[in-house]
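To keep things clear, I will list the structure first and then write my remarks on it.
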Amino acid sequence: MTPLAAAVRAAPILEPTRLALVSGGLVFLLMMTLGLLMKATQAGFLPLEPRAFYEVMTAHGIGMVGTAGLTGVAVLWHFLGRYVELDERVFWAFLASFLSGVVLILGAVFVGGFAAAWTFLYPLPAISGGVWAPETAVVYLAGLALVGTGFLLLHLECARALRARWGGLAHALGWPLLFRGAQDPLPPPAVVAAAAVTVFNLLGLVVGAAVIAISILDIVIPAASLDPLLAKNMIYFFGHVFINATIYMAVIAVYEIIPEYTGRPWTTSRIFVAAWSVLLLFVMAVYPHHLLQDTVMPAWTLAVGQILSYGTAVPLVAVTTLGLLSQLHRSGARLDLPAALLVLGVGGWTAGVMPAWIDGIVAVNKVMHNTLWVPGHFHMYLILGQVAFVWAVLLRLARGRDERGLSASDGIVFWLYLLGGAGLALGFLIAGAASVPRRWAVHDPAWIVHDVPGVLFAVMVLAGAAGFFAKAVPGLLARGAAQARG
Ligand code: HEM
Ligand SMILES: [Cu+2]
């Protein structure tokens with residue numbers, strides 16, 4: 001063993017997925033603070049200039065989406081590694097590429113003043129009205145490209161490892177079971193999920209990389225021009241697929257950890273495989289629900305976007321929720337903090353899907369699309385879904401299982417987080433239903449009634465999240481020390 005490898009072994013905090021989860025947790029806290037800043041500004045408590053507000057909004061958006069991706073792949077990698085042989089060097093390469101991208105993005109936003117929102121919708125990055133230089137937009141886009149390259153590498157390694165172990169992605173997806181009714185050996189749920197996410201996220205990332213490259217060229221070579229509608233389609237295909245993937249990767253934690261509490265295996269059923277395959281196809285087909293207001297889109301694409309939106313996540317949410325209930329029912333399992341967060345995550349994810357579903361209806365979307373209804377649904381399934389899963393994995397790695405269940409202080413942080421998250425998300429939804437627009441730095445006095453409670457709920461989420469982090473970190477360090485001794 002080389003001295004470097006020995007040093008890495010001796011300090012398990014340097015185990016790459018742990019490092020990704022701990023730094024992801026820390027960044028979630030920082031980005032939540034930015035969220036609180038925005039809410040406090042909209043509520044009139046803080047005098048953040050609109051220019052600074054939009055920088056903060058861009059940083060919060062890309063920071064949160066990127067961190068959800070980082071922690072999502074860390075969960076995927078951690079559990080997939082139980083079933084397939086993954087090359088750890090690839091995860092390090094991913095981290096290096098990701099971090100260099102982050103440096104560029106932060107520089108573009110906070111030094112260069114880039115504030116076109118994380119979605120970099122063409123041609124806004126290039127045409128800032130003098131707020132930031134076109135070169136700054138290039139730096140931001142190059143940063144995104146680096147981050148994306150990291151994810152691309154990582155998923156390619158997952159695909160390689162899955163094929164090597166299961167003899168092809170179709171087998172890892174459980175298709176022999178789906179189409180012929182039998183498969184031996186059966187891929188465990190984590191493998192089925194990893195295979196599905198790997199396929200659609202790879203496609204999303206390739207499309208994302210293409211539109212980023214074209215956007216850069218478009219700035220560098222003024223004569224070039226890109227069809228804005230095509231660019232929007234590509235960006236939303238990528239963005240929709242990527243943010244969805246973060247949840248679908250994190251949910252693997254439920255399949256892997258809950259059985260450790262109940263003592264019942266989470267077996268791969270035919271219906272489970274079917275749900276993941278439906279998701280694999282539909283998640284890519286429904287992205288036009290982001291373009292329902294683009295009347296120049298061919299009508300059939302919008303119809304497909306609306307109709308398939310009903311069906312995409314429903315089978316998977318149903319299969320996961322029913323699976324979870326049948327795991328827990330009369331199992332006598334006592335839920336400690338990580339397990340409670342996993343159960344919360346499934347509930348929050350399910351609850352957050354409903355308002356998304358409503359927004360996917362063309363008639364509703366016409367009224368709701370650019371309102372706070374949209375941040376309402378995604379804050380619900382991210383704060384109470386994806387991010388809850390991540391806290392669960394962090395705490396589980398740090399503290400193992402607590403046979404006594406929830407302690408008093410565990411209960412306090414759990415409820416702070418749950419009530420704060422639900423209140424914040426419901427507040428966004430209610431404001432959206434009252435037609436308060438999204439992405440406005442300055443709120444009309446009539447809207448502030450929605451923002452003031454939001455500030456309180458944001459403080460509660462932040463306090464709960466800081467509590468999870470504080471509870472996890474000493475355990476991770478101590479466990480590291482124990483493993484180094486042992
Ligand atoms: C304490 C927790 C949080 C607070 C207080 C918060 C607050 C906010 C606020 C005020 C906005 C701007 C809404 C508008 O007026 O348009 C926003 C946008 C956003 N937030 Fe959060 N947020 C929190 C957590 C999260 C989490 C955990 C995620 C994802 C993992 C997230 C992802 C986003 C995204 C993607 C946007 C959209 C930015 C854009 O419109 O370009 N937020 N958040
Ligand atoms: Cu979408």
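Chain labels run A, B, ... following the order of the structure tokens; each chain numbers its residues from 1, and ligands are numbered from 1 in the order shown.
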_What residues of the protein or nucleic acid chains come within 6 Å of ligand 1 when you use only C-alpha atoms and all ligand atoms? Reply as a PyMOL selection string._
chain A and resi 32+35-36+38-39+57-58+61+64-65+68+117-118+379+382-383+438-440+458+461-462
Prev. selection, C-alpha atoms, output as a PDB file, in the first residue's frame:
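Written file, part-v5.pdb:
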```pdb
ATOM      1  CA  MET A  32     -30.287  27.316   3.238  1.00  0.00           C
ATOM      2  CA  GLY A  35     -32.564  30.939   1.072  1.00  0.00           C
ATOM      3  CA  LEU A  36     -33.305  32.583   4.396  1.00  0.00           C
ATOM      4  CA  MET A  38     -33.892  35.814   0.114  1.00  0.00           C
ATOM      5  CA  LYS A  39     -37.047  35.246   2.150  1.00  0.00           C
ATOM      6  CA  MET A  57     -30.860  33.351  -6.138  1.00  0.00           C
ATOM      7  CA  THR A  58     -28.517  32.013  -8.806  1.00  0.00           C
ATOM      8  CA  GLY A  61     -30.432  27.479  -7.170  1.00  0.00           C
ATOM      9  CA  MET A  64     -28.780  23.364  -4.137  1.00  0.00           C
ATOM     10  CA  VAL A  65     -29.225  21.474  -7.393  1.00  0.00           C
ATOM     11  CA  ALA A  68     -28.482  17.419  -4.388  1.00  0.00           C
ATOM     12  CA  ALA A 117     -30.541  31.996 -12.476  1.00  0.00           C
ATOM     13  CA  TRP A 118     -29.174  28.471 -12.413  1.00  0.00           C
ATOM     14  CA  HIS A 379     -39.025  22.769  -1.970  1.00  0.00           C
ATOM     15  CA  LEU A 382     -36.405  18.419  -1.971  1.00  0.00           C
ATOM     16  CA  ILE A 383     -36.322  19.595   1.663  1.00  0.00           C
ATOM     17  CA  ARG A 438     -41.596  33.737  -8.457  1.00  0.00           C
ATOM     18  CA  ARG A 439     -38.124  35.248  -8.920  1.00  0.00           C
ATOM     19  CA  TRP A 440     -39.002  38.774  -7.847  1.00  0.00           C
ATOM     20  CA  ALA A 458     -36.845  28.940   7.178  1.00  0.00           C
ATOM     21  CA  VAL A 461     -35.576  24.234   8.847  1.00  0.00           C
ATOM     22  CA  LEU A 462     -32.132  25.664   9.255  1.00  0.00           C
TER      23      LEU A 462
END
```
_Which residues are close to Val139 in chain A, i.e. within 12 Å by only C-alpha atoms, leaving aside same-chain residues fewer than 2 positions away? Reply as a PyMOL selection string._
chain A and resi 100-114+125-126+132-137+141-146+212-213+215-216+219-220
Could you list, with a cut-off of 7 Å and counting only C-alpha atoms and all ligand atoms, the residues of chain A near ligand 2, each shown with its nearest atom pair and the distance in Å rounded to one decimal, rows sorted by chain and ascending number, as JSON lines?
```
{"residue": "A:His240", "atom": "CA", "partner": "ligand 2", "partner_atom_place_in_ligand_line": "1 (Cu)", "distance": 4.4}
{"residue": "A:Val286", "atom": "CA", "partner": "ligand 2", "partner_atom_place_in_ligand_line": "1 (Cu)", "distance": 6.9}
{"residue": "A:Tyr287", "atom": "CA", "partner": "ligand 2", "partner_atom_place_in_ligand_line": "1 (Cu)", "distance": 5.2}
{"residue": "A:His289", "atom": "CA", "partner": "ligand 2", "partner_atom_place_in_ligand_line": "1 (Cu)", "distance": 6.2}
{"residue": "A:His290", "atom": "CA", "partner": "ligand 2", "partner_atom_place_in_ligand_line": "1 (Cu)", "distance": 6.0}
```
Closest-contact table, range 245-301 of chain A side, partner range 306-326 of chain A, 6 Å, counting only C-alpha atoms, as CSV:
```
residue,atom,partner,partner_atom,distance
A:Ala275,CA,A:Leu316,CA,5.0
A:Leu279,CA,A:Thr312,CA,5.4
A:Phe282,CA,A:Thr312,CA,5.3
A:Val286,CA,A:Ser309,CA,5.6
```
Take the residues from that selection and put them in a file with C-alpha atoms, as a short mmCIF file (atom, residue, chain, number, x, y, z; two decimals), in the first residue's frame.
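Output contents, as saved in part_20.cif:
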```
data_model
loop_
_atom_site.label_atom_id
_atom_site.label_comp_id
_atom_site.auth_asym_id
_atom_site.auth_seq_id
_atom_site.Cartn_x
_atom_site.Cartn_y
_atom_site.Cartn_z
CA ALA A 275 -42.36 0.86 -11.87
CA LEU A 279 -40.06 5.86 -14.70
CA PHE A 282 -41.47 8.64 -18.72
CA VAL A 286 -42.45 14.53 -19.61
#
```
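Across A:Val206, A:Ile243, A:Val254, A:Val436, the tightest approach to His369 in chain A is made by A:Val436 when counting only C-alpha atoms.
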Please give the complete set of residues from range 264-383 of chain A that DSSP, run on the backbone, assigns to alpha helix (DSSP H), formatted as an mmCIF file with N, CA and C atoms, in the first residue's frame.
```cif
data_model
loop_
_atom_site.group_PDB
_atom_site.id
_atom_site.type_symbol
_atom_site.label_atom_id
_atom_site.label_comp_id
_atom_site.auth_asym_id
_atom_site.auth_seq_id
_atom_site.Cartn_x
_atom_site.Cartn_y
_atom_site.Cartn_z
ATOM 1 N N ARG A 270 -41.855 -8.113 -9.569
ATOM 2 C CA ARG A 270 -42.103 -7.761 -10.966
ATOM 3 C C ARG A 270 -42.663 -6.341 -11.049
ATOM 4 N N ILE A 271 -43.530 -6.009 -10.119
ATOM 5 C CA ILE A 271 -44.157 -4.695 -10.161
ATOM 6 C C ILE A 271 -43.148 -3.589 -9.816
ATOM 7 N N PHE A 272 -42.205 -3.926 -8.946
ATOM 8 C CA PHE A 272 -41.135 -2.987 -8.603
ATOM 9 C C PHE A 272 -40.300 -2.668 -9.847
ATOM 10 N N VAL A 273 -39.935 -3.730 -10.550
ATOM 11 C CA VAL A 273 -39.145 -3.556 -11.780
ATOM 12 C C VAL A 273 -39.943 -2.758 -12.810
ATOM 13 N N ALA A 274 -41.231 -3.071 -12.921
ATOM 14 C CA ALA A 274 -42.068 -2.365 -13.891
ATOM 15 C C ALA A 274 -42.118 -0.875 -13.553
ATOM 16 N N ALA A 275 -42.257 -0.545 -12.264
ATOM 17 C CA ALA A 275 -42.355 0.859 -11.867
ATOM 18 C C ALA A 275 -41.084 1.611 -12.259
ATOM 19 N N TRP A 276 -39.938 0.985 -12.036
ATOM 20 C CA TRP A 276 -38.681 1.663 -12.382
ATOM 21 C C TRP A 276 -38.516 1.802 -13.894
ATOM 22 N N SER A 277 -39.000 0.824 -14.651
ATOM 23 C CA SER A 277 -38.866 0.928 -16.109
ATOM 24 C C SER A 277 -39.807 1.978 -16.667
ATOM 25 N N VAL A 278 -41.021 2.078 -16.097
ATOM 26 C CA VAL A 278 -41.940 3.134 -16.518
ATOM 27 C C VAL A 278 -41.289 4.487 -16.248
ATOM 28 N N LEU A 279 -40.707 4.603 -15.055
ATOM 29 C CA LEU A 279 -40.064 5.856 -14.697
ATOM 30 C C LEU A 279 -38.941 6.188 -15.681
ATOM 31 N N LEU A 280 -38.144 5.173 -15.979
ATOM 32 C CA LEU A 280 -36.995 5.373 -16.867
ATOM 33 C C LEU A 280 -37.431 5.997 -18.189
ATOM 34 N N LEU A 281 -38.556 5.534 -18.729
ATOM 35 C CA LEU A 281 -39.001 6.078 -20.015
ATOM 36 C C LEU A 281 -39.719 7.412 -19.838
ATOM 37 N N PHE A 282 -40.624 7.459 -18.856
ATOM 38 C CA PHE A 282 -41.473 8.637 -18.724
ATOM 39 C C PHE A 282 -40.703 9.861 -18.233
ATOM 40 N N VAL A 283 -39.710 9.644 -17.381
ATOM 41 C CA VAL A 283 -39.025 10.804 -16.797
ATOM 42 C C VAL A 283 -38.421 11.664 -17.910
ATOM 43 N N MET A 284 -38.069 11.003 -19.005
ATOM 44 C CA MET A 284 -37.482 11.767 -20.108
ATOM 45 C C MET A 284 -38.564 12.357 -21.005
ATOM 46 N N ALA A 285 -39.716 11.687 -21.073
ATOM 47 C CA ALA A 285 -40.754 12.125 -22.009
ATOM 48 C C ALA A 285 -41.573 13.299 -21.474
ATOM 49 N N ALA A 299 -48.295 21.192 -30.495
ATOM 50 C CA ALA A 299 -49.296 20.905 -29.451
ATOM 51 C C ALA A 299 -49.152 19.494 -28.901
ATOM 52 N N TRP A 300 -48.810 18.537 -29.785
ATOM 53 C CA TRP A 300 -48.771 17.151 -29.290
ATOM 54 C C TRP A 300 -47.708 16.952 -28.213
ATOM 55 N N THR A 301 -46.593 17.731 -28.299
ATOM 56 C CA THR A 301 -45.553 17.538 -27.274
ATOM 57 C C THR A 301 -46.075 17.984 -25.918
ATOM 58 N N LEU A 302 -46.874 19.053 -25.929
ATOM 59 C CA LEU A 302 -47.403 19.541 -24.659
ATOM 60 C C LEU A 302 -48.437 18.561 -24.109
ATOM 61 N N ALA A 303 -49.224 17.988 -25.037
ATOM 62 C CA ALA A 303 -50.206 16.991 -24.598
ATOM 63 C C ALA A 303 -49.481 15.799 -23.969
ATOM 64 N N VAL A 304 -48.412 15.354 -24.619
ATOM 65 C CA VAL A 304 -47.642 14.235 -24.065
ATOM 66 C C VAL A 304 -47.087 14.623 -22.702
ATOM 67 N N GLY A 305 -46.541 15.855 -22.617
ATOM 68 C CA GLY A 305 -45.988 16.325 -21.349
ATOM 69 C C GLY A 305 -47.041 16.288 -20.251
ATOM 70 N N GLN A 306 -48.252 16.747 -20.586
ATOM 71 C CA GLN A 306 -49.306 16.758 -19.560
ATOM 72 C C GLN A 306 -49.727 15.344 -19.182
ATOM 73 N N ILE A 307 -50.008 14.531 -20.176
ATOM 74 C CA ILE A 307 -50.598 13.216 -19.865
ATOM 75 C C ILE A 307 -49.583 12.312 -19.161
ATOM 76 N N LEU A 308 -48.358 12.281 -19.696
ATOM 77 C CA LEU A 308 -47.378 11.399 -19.066
ATOM 78 C C LEU A 308 -46.978 11.888 -17.680
ATOM 79 N N SER A 309 -47.107 13.203 -17.445
ATOM 80 C CA SER A 309 -46.772 13.718 -16.114
ATOM 81 C C SER A 309 -47.617 13.046 -15.044
ATOM 82 N N TYR A 310 -48.848 12.690 -15.402
ATOM 83 C CA TYR A 310 -49.696 12.021 -14.408
ATOM 84 C C TYR A 310 -49.084 10.683 -14.013
ATOM 85 N N GLY A 311 -48.458 10.048 -14.999
ATOM 86 C CA GLY A 311 -48.080 8.653 -14.779
ATOM 87 C C GLY A 311 -46.654 8.441 -14.315
ATOM 88 N N VAL A 314 -45.945 8.191 -10.375
ATOM 89 C CA VAL A 314 -46.992 7.567 -9.575
ATOM 90 C C VAL A 314 -46.709 6.089 -9.268
ATOM 91 N N PRO A 315 -46.372 5.267 -10.282
ATOM 92 C CA PRO A 315 -46.118 3.861 -9.944
ATOM 93 C C PRO A 315 -44.957 3.718 -8.955
ATOM 94 N N LEU A 316 -43.916 4.525 -9.148
ATOM 95 C CA LEU A 316 -42.751 4.373 -8.287
ATOM 96 C C LEU A 316 -43.048 4.828 -6.858
ATOM 97 N N VAL A 317 -43.750 5.960 -6.750
ATOM 98 C CA VAL A 317 -44.113 6.443 -5.417
ATOM 99 C C VAL A 317 -44.988 5.387 -4.743
ATOM 100 N N ALA A 318 -45.938 4.827 -5.514
ATOM 101 C CA ALA A 318 -46.849 3.838 -4.937
ATOM 102 C C ALA A 318 -46.073 2.603 -4.491
ATOM 103 N N VAL A 319 -45.202 2.103 -5.356
ATOM 104 C CA VAL A 319 -44.455 0.888 -5.030
ATOM 105 C C VAL A 319 -43.549 1.127 -3.816
ATOM 106 N N THR A 320 -42.917 2.303 -3.776
ATOM 107 C CA THR A 320 -42.008 2.587 -2.664
ATOM 108 C C THR A 320 -42.789 2.779 -1.371
ATOM 109 N N THR A 321 -43.902 3.517 -1.448
ATOM 110 C CA THR A 321 -44.687 3.763 -0.237
ATOM 111 C C THR A 321 -45.283 2.460 0.282
ATOM 112 N N LEU A 322 -45.857 1.662 -0.631
ATOM 113 C CA LEU A 322 -46.443 0.393 -0.185
ATOM 114 C C LEU A 322 -45.358 -0.533 0.353
ATOM 115 N N GLY A 323 -44.204 -0.529 -0.332
ATOM 116 C CA GLY A 323 -43.097 -1.354 0.144
ATOM 117 C C GLY A 323 -42.687 -0.949 1.553
ATOM 118 N N LEU A 324 -42.628 0.358 1.759
ATOM 119 C CA LEU A 324 -42.216 0.861 3.071
ATOM 120 C C LEU A 324 -43.248 0.465 4.132
ATOM 121 N N LEU A 325 -44.536 0.618 3.794
ATOM 122 C CA LEU A 325 -45.577 0.278 4.771
ATOM 123 C C LEU A 325 -45.543 -1.210 5.090
ATOM 124 N N SER A 326 -45.338 -2.041 4.054
ATOM 125 C CA SER A 326 -45.344 -3.470 4.359
ATOM 126 C C SER A 326 -44.079 -3.872 5.112
ATOM 127 N N GLN A 327 -42.995 -3.119 4.910
ATOM 128 C CA GLN A 327 -41.802 -3.351 5.730
ATOM 129 C C GLN A 327 -42.106 -3.051 7.198
ATOM 130 N N LEU A 328 -42.747 -1.909 7.430
ATOM 131 C CA LEU A 328 -42.900 -1.437 8.808
ATOM 132 C C LEU A 328 -44.047 -2.120 9.554
ATOM 133 N N LEU A 337 -33.429 8.225 14.665
ATOM 134 C CA LEU A 337 -33.462 9.435 13.835
ATOM 135 C C LEU A 337 -33.266 9.143 12.335
ATOM 136 N N PRO A 338 -32.242 8.365 11.943
ATOM 137 C CA PRO A 338 -32.107 8.104 10.500
ATOM 138 C C PRO A 338 -33.335 7.412 9.919
ATOM 139 N N ALA A 339 -33.884 6.437 10.623
ATOM 140 C CA ALA A 339 -35.039 5.718 10.072
ATOM 141 C C ALA A 339 -36.246 6.646 9.977
ATOM 142 N N ALA A 340 -36.419 7.503 10.983
ATOM 143 C CA ALA A 340 -37.547 8.431 10.943
ATOM 144 C C ALA A 340 -37.398 9.375 9.751
ATOM 145 N N LEU A 341 -36.158 9.785 9.457
ATOM 146 C CA LEU A 341 -35.935 10.678 8.317
ATOM 147 C C LEU A 341 -36.218 9.970 6.992
ATOM 148 N N LEU A 342 -35.929 8.680 6.935
ATOM 149 C CA LEU A 342 -36.228 7.941 5.698
ATOM 150 C C LEU A 342 -37.735 7.866 5.475
ATOM 151 N N VAL A 343 -38.472 7.613 6.564
ATOM 152 C CA VAL A 343 -39.930 7.556 6.439
ATOM 153 C C VAL A 343 -40.457 8.943 6.050
ATOM 154 N N LEU A 344 -39.922 9.981 6.699
ATOM 155 C CA LEU A 344 -40.312 11.345 6.335
ATOM 156 C C LEU A 344 -40.025 11.598 4.851
ATOM 157 N N GLY A 345 -38.856 11.150 4.396
ATOM 158 C CA GLY A 345 -38.457 11.404 3.015
ATOM 159 C C GLY A 345 -39.451 10.822 2.014
ATOM 160 N N VAL A 346 -39.910 9.603 2.282
ATOM 161 C CA VAL A 346 -40.884 8.992 1.368
ATOM 162 C C VAL A 346 -42.180 9.802 1.391
ATOM 163 N N GLY A 347 -42.586 10.222 2.593
ATOM 164 C CA GLY A 347 -43.812 11.023 2.709
ATOM 165 C C GLY A 347 -43.671 12.381 2.029
ATOM 166 N N GLY A 348 -42.539 13.043 2.237
ATOM 167 C CA GLY A 348 -42.335 14.378 1.680
ATOM 168 C C GLY A 348 -42.253 14.343 0.165
ATOM 169 N N TRP A 349 -41.622 13.304 -0.321
ATOM 170 C CA TRP A 349 -41.506 13.114 -1.771
ATOM 171 C C TRP A 349 -42.897 12.929 -2.369
ATOM 172 N N THR A 350 -43.683 12.047 -1.763
ATOM 173 C CA THR A 350 -45.048 11.792 -2.234
ATOM 174 C C THR A 350 -45.874 13.075 -2.196
ATOM 175 N N ALA A 351 -45.770 13.796 -1.067
ATOM 176 C CA ALA A 351 -46.573 15.012 -0.918
ATOM 177 C C ALA A 351 -46.148 16.051 -1.951
ATOM 178 N N GLY A 352 -44.845 16.131 -2.253
ATOM 179 C CA GLY A 352 -44.358 17.139 -3.183
ATOM 180 C C GLY A 352 -44.717 16.840 -4.627
ATOM 181 N N VAL A 353 -44.964 15.550 -4.906
ATOM 182 C CA VAL A 353 -45.332 15.183 -6.271
ATOM 183 C C VAL A 353 -46.718 15.724 -6.624
ATOM 184 N N MET A 354 -47.619 15.785 -5.623
ATOM 185 C CA MET A 354 -49.015 16.185 -5.906
ATOM 186 C C MET A 354 -49.116 17.594 -6.522
ATOM 187 N N PRO A 355 -48.523 18.627 -5.876
ATOM 188 C CA PRO A 355 -48.637 19.946 -6.505
ATOM 189 C C PRO A 355 -47.915 20.026 -7.850
ATOM 190 N N ALA A 356 -46.908 19.184 -8.069
ATOM 191 C CA ALA A 356 -46.222 19.173 -9.363
ATOM 192 C C ALA A 356 -47.180 18.651 -10.416
ATOM 193 N N TRP A 357 -47.891 17.638 -10.027
ATOM 194 C CA TRP A 357 -48.878 16.992 -10.867
ATOM 195 C C TRP A 357 -49.948 17.999 -11.278
ATOM 196 N N ILE A 358 -50.402 18.798 -10.300
ATOM 197 C CA ILE A 358 -51.429 19.810 -10.591
ATOM 198 C C ILE A 358 -50.873 20.846 -11.571
ATOM 199 N N ASP A 359 -49.600 21.244 -11.353
ATOM 200 C CA ASP A 359 -48.999 22.251 -12.227
ATOM 201 C C ASP A 359 -48.774 21.711 -13.634
ATOM 202 N N VAL A 362 -52.282 21.642 -18.274
ATOM 203 C CA VAL A 362 -52.098 22.849 -19.095
ATOM 204 C C VAL A 362 -52.948 24.015 -18.578
ATOM 205 N N ALA A 363 -54.205 23.740 -18.277
ATOM 206 C CA ALA A 363 -55.109 24.821 -17.862
ATOM 207 C C ALA A 363 -54.632 25.475 -16.565
ATOM 208 N N VAL A 364 -54.093 24.675 -15.660
ATOM 209 C CA VAL A 364 -53.603 25.221 -14.387
ATOM 210 C C VAL A 364 -52.291 25.964 -14.629
ATOM 211 N N ASN A 365 -51.451 25.349 -15.445
ATOM 212 C CA ASN A 365 -50.129 25.895 -15.689
ATOM 213 C C ASN A 365 -50.187 27.307 -16.256
ATOM 214 N N LYS A 366 -51.210 27.561 -17.072
ATOM 215 C CA LYS A 366 -51.371 28.891 -17.668
ATOM 216 C C LYS A 366 -51.392 29.959 -16.591
ATOM 217 N N VAL A 367 -51.996 29.631 -15.442
ATOM 218 C CA VAL A 367 -52.150 30.606 -14.369
ATOM 219 C C VAL A 367 -51.002 30.529 -13.364
ATOM 220 N N MET A 368 -50.541 29.299 -13.109
ATOM 221 C CA MET A 368 -49.638 29.097 -11.978
ATOM 222 C C MET A 368 -48.168 29.129 -12.340
ATOM 223 N N TRP A 373 -45.973 28.878 -6.746
ATOM 224 C CA TRP A 373 -46.458 27.489 -6.683
ATOM 225 C C TRP A 373 -45.327 26.527 -7.051
ATOM 226 N N VAL A 374 -44.524 26.930 -8.036
ATOM 227 C CA VAL A 374 -43.481 26.029 -8.539
ATOM 228 C C VAL A 374 -42.382 25.810 -7.479
ATOM 229 N N PRO A 375 -41.784 26.890 -6.938
ATOM 230 C CA PRO A 375 -40.862 26.652 -5.813
ATOM 231 C C PRO A 375 -41.553 25.900 -4.669
ATOM 232 N N GLY A 376 -42.869 26.058 -4.519
ATOM 233 C CA GLY A 376 -43.594 25.344 -3.463
ATOM 234 C C GLY A 376 -43.451 23.847 -3.616
ATOM 235 N N HIS A 377 -43.733 23.337 -4.831
ATOM 236 C CA HIS A 377 -43.680 21.882 -4.931
ATOM 237 C C HIS A 377 -42.256 21.370 -4.858
ATOM 238 N N PHE A 378 -41.296 22.097 -5.464
ATOM 239 C CA PHE A 378 -39.967 21.474 -5.415
ATOM 240 C C PHE A 378 -39.275 21.639 -4.069
ATOM 241 N N HIS A 379 -39.590 22.715 -3.335
ATOM 242 C CA HIS A 379 -39.025 22.769 -1.970
ATOM 243 C C HIS A 379 -39.602 21.658 -1.108
ATOM 244 N N MET A 380 -40.850 21.298 -1.354
ATOM 245 C CA MET A 380 -41.455 20.206 -0.574
ATOM 246 C C MET A 380 -40.698 18.899 -0.826
ATOM 247 N N TYR A 381 -40.569 18.497 -2.113
ATOM 248 C CA TYR A 381 -39.959 17.170 -2.276
ATOM 249 C C TYR A 381 -38.438 17.194 -2.173
#
```
*Could you name the residues that touch range 72-79 of chain A at 6 Å or less, counting only C-alpha atoms, but leaving out those on the same chain fewer than 2 positions away, as a list in words?*
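Near range 72-79 of chain A, the qualifying residues are Thr17, Ala68, Gly69, Leu70, Gly81, Arg82, Thr246, Met249 and Ala250 of chain A.
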Would you write out those residues with N, CA, C and O atoms, as a PDB file, in the first residue's frame?
```
ATOM      1  N   THR A  17     -17.093   8.847  -0.546  1.00  0.00           N
ATOM      2  CA  THR A  17     -18.534   9.128  -0.435  1.00  0.00           C
ATOM      3  C   THR A  17     -18.846   9.823   0.885  1.00  0.00           C
ATOM      4  O   THR A  17     -19.729  10.669   0.967  1.00  0.00           O
ATOM      5  N   ALA A  68     -27.578  18.568  -4.336  1.00  0.00           N
ATOM      6  CA  ALA A  68     -28.482  17.419  -4.388  1.00  0.00           C
ATOM      7  C   ALA A  68     -27.875  16.348  -5.292  1.00  0.00           C
ATOM      8  O   ALA A  68     -27.934  15.148  -4.989  1.00  0.00           O
ATOM      9  N   GLY A  69     -27.253  16.772  -6.398  1.00  0.00           N
ATOM     10  CA  GLY A  69     -26.595  15.821  -7.293  1.00  0.00           C
ATOM     11  C   GLY A  69     -25.414  15.143  -6.612  1.00  0.00           C
ATOM     12  O   GLY A  69     -25.269  13.918  -6.639  1.00  0.00           O
ATOM     13  N   LEU A  70     -24.593  15.947  -5.957  1.00  0.00           N
ATOM     14  CA  LEU A  70     -23.404  15.418  -5.265  1.00  0.00           C
ATOM     15  C   LEU A  70     -23.797  14.376  -4.210  1.00  0.00           C
ATOM     16  O   LEU A  70     -23.256  13.267  -4.166  1.00  0.00           O
ATOM     17  N   GLY A  81     -21.999   0.044  -4.309  1.00  0.00           N
ATOM     18  CA  GLY A  81     -20.729  -0.619  -4.037  1.00  0.00           C
ATOM     19  C   GLY A  81     -20.884  -1.930  -3.267  1.00  0.00           C
ATOM     20  O   GLY A  81     -19.972  -2.746  -3.208  1.00  0.00           O
ATOM     21  N   ARG A  82     -22.080  -2.153  -2.678  1.00  0.00           N
ATOM     22  CA  ARG A  82     -22.326  -3.424  -2.002  1.00  0.00           C
ATOM     23  C   ARG A  82     -22.520  -4.560  -2.994  1.00  0.00           C
ATOM     24  O   ARG A  82     -22.431  -5.731  -2.633  1.00  0.00           O
ATOM     25  N   THR A 246     -31.696  13.186  -8.726  1.00  0.00           N
ATOM     26  CA  THR A 246     -31.152  13.323  -7.367  1.00  0.00           C
ATOM     27  C   THR A 246     -32.058  12.618  -6.357  1.00  0.00           C
ATOM     28  O   THR A 246     -31.579  12.022  -5.398  1.00  0.00           O
ATOM     29  N   MET A 249     -31.857   8.695  -6.865  1.00  0.00           N
ATOM     30  CA  MET A 249     -30.632   8.090  -6.332  1.00  0.00           C
ATOM     31  C   MET A 249     -30.724   7.996  -4.811  1.00  0.00           C
ATOM     32  O   MET A 249     -30.335   6.998  -4.203  1.00  0.00           O
ATOM     33  N   ALA A 250     -31.261   9.066  -4.189  1.00  0.00           N
ATOM     34  CA  ALA A 250     -31.290   9.099  -2.727  1.00  0.00           C
ATOM     35  C   ALA A 250     -32.256   8.067  -2.162  1.00  0.00           C
ATOM     36  O   ALA A 250     -32.058   7.551  -1.054  1.00  0.00           O
TER      37      ALA A 250
END
```
*Within 10 Å of Trp447 in chain A, counting only C-alpha atoms, which residues show up once you throw out same-chain ones fewer than 2 positions away? Write them as a list in words, please.*
Gln42, Ala43, Ala431, Ala434, Ser435, Val436, Pro437, Val442, His443, Asp444, Pro445, Val449, His450, Asp451 and Val452 of chain A
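Going from CA of Gly150 in chain A over to CA of Ala93 in chain A, you cover 7.0 Å.
Across the structure, CA of Ala40 in chain A and CA of Leu394 in chain A are spaced 29.2 Å apart.
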*range 410-412 of chain A surroundings by only C-alpha atoms, 10 Å radius, close-in-sequence under 5 positions cut, as number ranges by chain*: A: 336-338, 340, 405, 417-418, 463-464, 467-468, 471
*Which is closest to Leu95 in chain A among A:Gly148, A:Pro188, A:Pro123, A:Pro47, if we use only C-alpha atoms?*
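Between A:Gly148, A:Pro188, A:Pro123, A:Pro47, the residue approaching Leu95 in chain A most closely is A:Gly148.
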